[in-house]
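The structure under discussion appears below in the form of structure tokens.
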Amino acid sequence: MAKLQEKIELKALISGYCSEKGISKADFAVKANVSEATLSAIENEKWDKISVAMVKKLQSFLKSETTGTLYETADFVAVMRACDAAKEHHLMVGLVGDTGTGKTTSLTAYSRNPNVYRVTYEKSMNPKQFFTSLLKEMGVDFAGNIYSMIGKVADELNCKEKPLLIIDEAGKITHPVMLYLHDLREKTKGNCGVVLAGMPYFREHLKKAAARGKEGVSEFLRRINVWHELAGLSVGERRFVVKDHGITDPEKVEELLHHEKFGELMNGIMLEKIISEQL
Ligand SMILES: Nc1ncnc2c1ncn2[C@@H]1O[C@H](COP(=O)(O)OP(=O)(O)OP(=O)(O)O)[C@@H](O)[C@H]1O
Ligand SMILES: [Mg+2]
């Protein structure tokens, strides 16, 4: 049985999320893939109608939309600025950084803002599934052929105030999806910003494919107005994060300072904490 306290907390988290993002409960239902009846039961505290599995599903959705403690590192601030610029000036920005440099974390934080839509491209998605997930992210339950889906996304984006579309794992998008994104960009470029985030190979692969003359790649590449590459953590930033986690043993601190990427540093800190708790 999920505890009553957990359900009450869930209600507050959902309301907080909706008001922060400026979306309705109906939008939330589509985004989280639950029925409006479920949300209404939560709203009216009809707890007997909310199963343990539903509590877990909603908790896991909210977790994917939330970050833990955030450090305002130079990379983090640069991602926030890149998103602001893309949103304000309807730019298409390419954001690249090695694995674990904090792309997803920073973009997740930014996507708590209204009219910001973040989707993660998954290798197993076909183009229709990608656009379905994008429409769901916008609170729209819509099915149709790919042409009408792109049209629907464009219509939705064009009636919003300075919307921003964030596509994470963009280095994995397939050639057809890239061509469809080109169409979407053409239909929305007067109103919508785009951030495409991926590993450094995202930019390299596009450049190589463009040089080979692969259909549509040069045109897509030209439409990326600016690229930004994440730098990794400075030694000062690493030292701050390590200290903030209560690690003071000089030998251990020195060891941890070798990790330039956030992901590696956090993994090292976590392992260090597990080991020290076991001793
Ligand atoms: N600004 C930040 N504040 C706090 N923790 C952070 C921050 N940026 C990154 N992290 C930590 O580093 C880990 C790795 O970051 P993240 O998953 O965002 O990297 P990524 O660039 O998206 O990597 P990948 O390319 O593998 O998806 C996160 O799980 C988080 O613990
Ligand atoms: Mg990531």
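Naming scheme: A, B, ... for chains in displayed order of the structure tokens; residues 1 onward per chain; ligands 1 onward as shown.
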Open item on the list: Give me, as a VMD selection string, all polymer residues having an atom no more than 12 Å from Ser276 of chain A, counting only C-alpha atoms and skipping those fewer than 5 positions away in the same chain.
Closed with: chain A and resid 246 to 247 249 252 269 to 271
Dump all heavy atoms for the selected residues as a JSON list (two decimals), in the first residue's frame?
```json
[["chain", "number", "residue", "atom", "x", "y", "z"],
["A", 246, "GLY", "N", 30.89, 16.69, 1.68],
["A", 246, "GLY", "CA", 31.47, 16.37, 2.99],
["A", 246, "GLY", "C", 32.72, 15.51, 2.93],
["A", 246, "GLY", "O", 33.10, 14.91, 3.93],
["A", 247, "ILE", "N", 33.38, 15.45, 1.76],
["A", 247, "ILE", "CA", 34.61, 14.64, 1.66],
["A", 247, "ILE", "C", 35.81, 15.56, 1.93],
["A", 247, "ILE", "O", 36.00, 16.55, 1.20],
["A", 247, "ILE", "CB", 34.71, 13.94, 0.28],
["A", 247, "ILE", "CG1", 33.49, 13.03, 0.11],
["A", 247, "ILE", "CG2", 36.02, 13.16, 0.15],
["A", 247, "ILE", "CD1", 33.33, 12.43, -1.25],
["A", 249, "ASP", "N", 39.06, 14.13, 3.41],
["A", 249, "ASP", "CA", 40.33, 13.41, 3.43],
["A", 249, "ASP", "C", 41.17, 13.83, 2.21],
["A", 249, "ASP", "O", 40.75, 13.59, 1.06],
["A", 249, "ASP", "CB", 40.03, 11.90, 3.38],
["A", 249, "ASP", "CG", 41.31, 11.06, 3.35],
["A", 249, "ASP", "OD1", 42.36, 11.59, 2.94],
["A", 249, "ASP", "OD2", 41.23, 9.87, 3.72],
["A", 252, "LYS", "N", 41.68, 11.38, -0.71],
["A", 252, "LYS", "CA", 40.46, 11.08, -1.47],
["A", 252, "LYS", "C", 40.04, 12.27, -2.33],
["A", 252, "LYS", "O", 39.61, 12.11, -3.46],
["A", 252, "LYS", "CB", 39.34, 10.70, -0.51],
["A", 252, "LYS", "CG", 39.62, 9.33, 0.05],
["A", 252, "LYS", "CD", 38.59, 8.82, 0.98],
["A", 252, "LYS", "CE", 39.08, 7.46, 1.47],
["A", 252, "LYS", "NZ", 38.84, 7.26, 2.88],
["A", 269, "ILE", "N", 32.08, 10.19, -6.13],
["A", 269, "ILE", "CA", 31.63, 10.65, -4.81],
["A", 269, "ILE", "C", 30.67, 9.61, -4.20],
["A", 269, "ILE", "O", 30.76, 9.26, -3.02],
["A", 269, "ILE", "CB", 30.94, 12.04, -4.92],
["A", 269, "ILE", "CG1", 31.99, 13.11, -5.25],
["A", 269, "ILE", "CG2", 30.16, 12.38, -3.65],
["A", 269, "ILE", "CD1", 31.44, 14.49, -5.54],
["A", 270, "MET", "N", 29.78, 9.09, -5.04],
["A", 270, "MET", "CA", 28.81, 8.11, -4.54],
["A", 270, "MET", "C", 29.52, 6.85, -4.04],
["A", 270, "MET", "O", 29.23, 6.37, -2.94],
["A", 270, "MET", "CB", 27.83, 7.75, -5.67],
["A", 270, "MET", "CG", 26.71, 6.84, -5.24],
["A", 270, "MET", "SD", 25.79, 6.29, -6.65],
["A", 270, "MET", "CE", 26.94, 5.14, -7.40],
["A", 271, "LEU", "N", 30.50, 6.38, -4.82],
["A", 271, "LEU", "CA", 31.23, 5.18, -4.40],
["A", 271, "LEU", "C", 31.98, 5.43, -3.10],
["A", 271, "LEU", "O", 32.01, 4.60, -2.20],
["A", 271, "LEU", "CB", 32.19, 4.72, -5.50],
["A", 271, "LEU", "CG", 31.52, 4.20, -6.78],
["A", 271, "LEU", "CD1", 32.56, 3.87, -7.83],
["A", 271, "LEU", "CD2", 30.64, 2.99, -6.49]]
```
TODO: Could you give me, as a PyMOL selection string, every polymer residue with an atom at most 10 Å away from an atom of ligand 1, counting only C-alpha atoms and all ligand atoms?
DONE: chain A and resi 67-77+79+95-109+120+168-169+171+197-200+230+232-233+241+261-267+270
Test item, strand (DSSP E) assignment across segment 166-208 of chain A, answer as a short mmCIF file (atom, residue, chain, number, x, y, z; two decimals) with N, CA and C atoms, in the first residue's frame:
```cif
data_model
loop_
_atom_site.label_atom_id
_atom_site.label_comp_id
_atom_site.auth_asym_id
_atom_site.auth_seq_id
_atom_site.Cartn_x
_atom_site.Cartn_y
_atom_site.Cartn_z
N ILE A 166 13.41 21.39 -27.25
CA ILE A 166 14.72 20.82 -26.90
C ILE A 166 14.73 19.35 -27.29
N ILE A 167 15.71 18.96 -28.10
CA ILE A 167 15.82 17.55 -28.46
C ILE A 167 17.14 17.01 -27.90
N ASP A 168 17.00 16.14 -26.91
CA ASP A 168 18.19 15.54 -26.29
C ASP A 168 18.54 14.27 -27.06
N GLY A 193 12.29 28.53 -31.02
CA GLY A 193 13.71 28.19 -30.92
C GLY A 193 13.87 26.69 -30.82
N VAL A 194 15.06 26.21 -31.18
CA VAL A 194 15.34 24.77 -31.10
C VAL A 194 16.73 24.58 -30.49
N VAL A 195 16.84 23.64 -29.56
CA VAL A 195 18.15 23.24 -29.06
C VAL A 195 18.31 21.75 -29.34
N LEU A 196 19.38 21.42 -30.05
CA LEU A 196 19.67 20.02 -30.35
C LEU A 196 20.89 19.63 -29.54
N ALA A 197 20.75 18.69 -28.62
CA ALA A 197 21.88 18.36 -27.76
C ALA A 197 22.38 16.96 -28.01
N GLY A 198 23.70 16.82 -28.05
CA GLY A 198 24.24 15.48 -28.26
C GLY A 198 25.73 15.42 -28.00
#
```
- [ ] Among the residues of segment 25-204 of chain A, find those DSSP assigns to helix (DSSP H, G or I) from the backbone and print them as a ChimeraX atom specification.
- [x] /A:25-32,36-43,47-49,52-64,74-89,103-110,127-137,146-158,170-172,175-188,200-204
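With only C-alpha atoms and all ligand atoms as the atoms that count, the minimum distance from ligand 2 to the choices A:Met178, A:Val34, A:Ala29, A:Val119 is reached by A:Val119.
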Open item on the list: My list of candidates is A:Lys31, A:Lys21, A:Lys49, A:Lys3. Which is closest to Asp141 of chain A when distances are computed with only C-alpha atoms?
Closed with: A:Lys31
Task: Shell around Thr38 of chain A at 10 Å using only C-alpha atoms, local window under 4 positions removed, as a list in words - done: Ala29, Val34, Ile42, Glu43, Asn44, Lys46, Trp47, Lys49, Ile50, Ser51 and Met54 of chain A
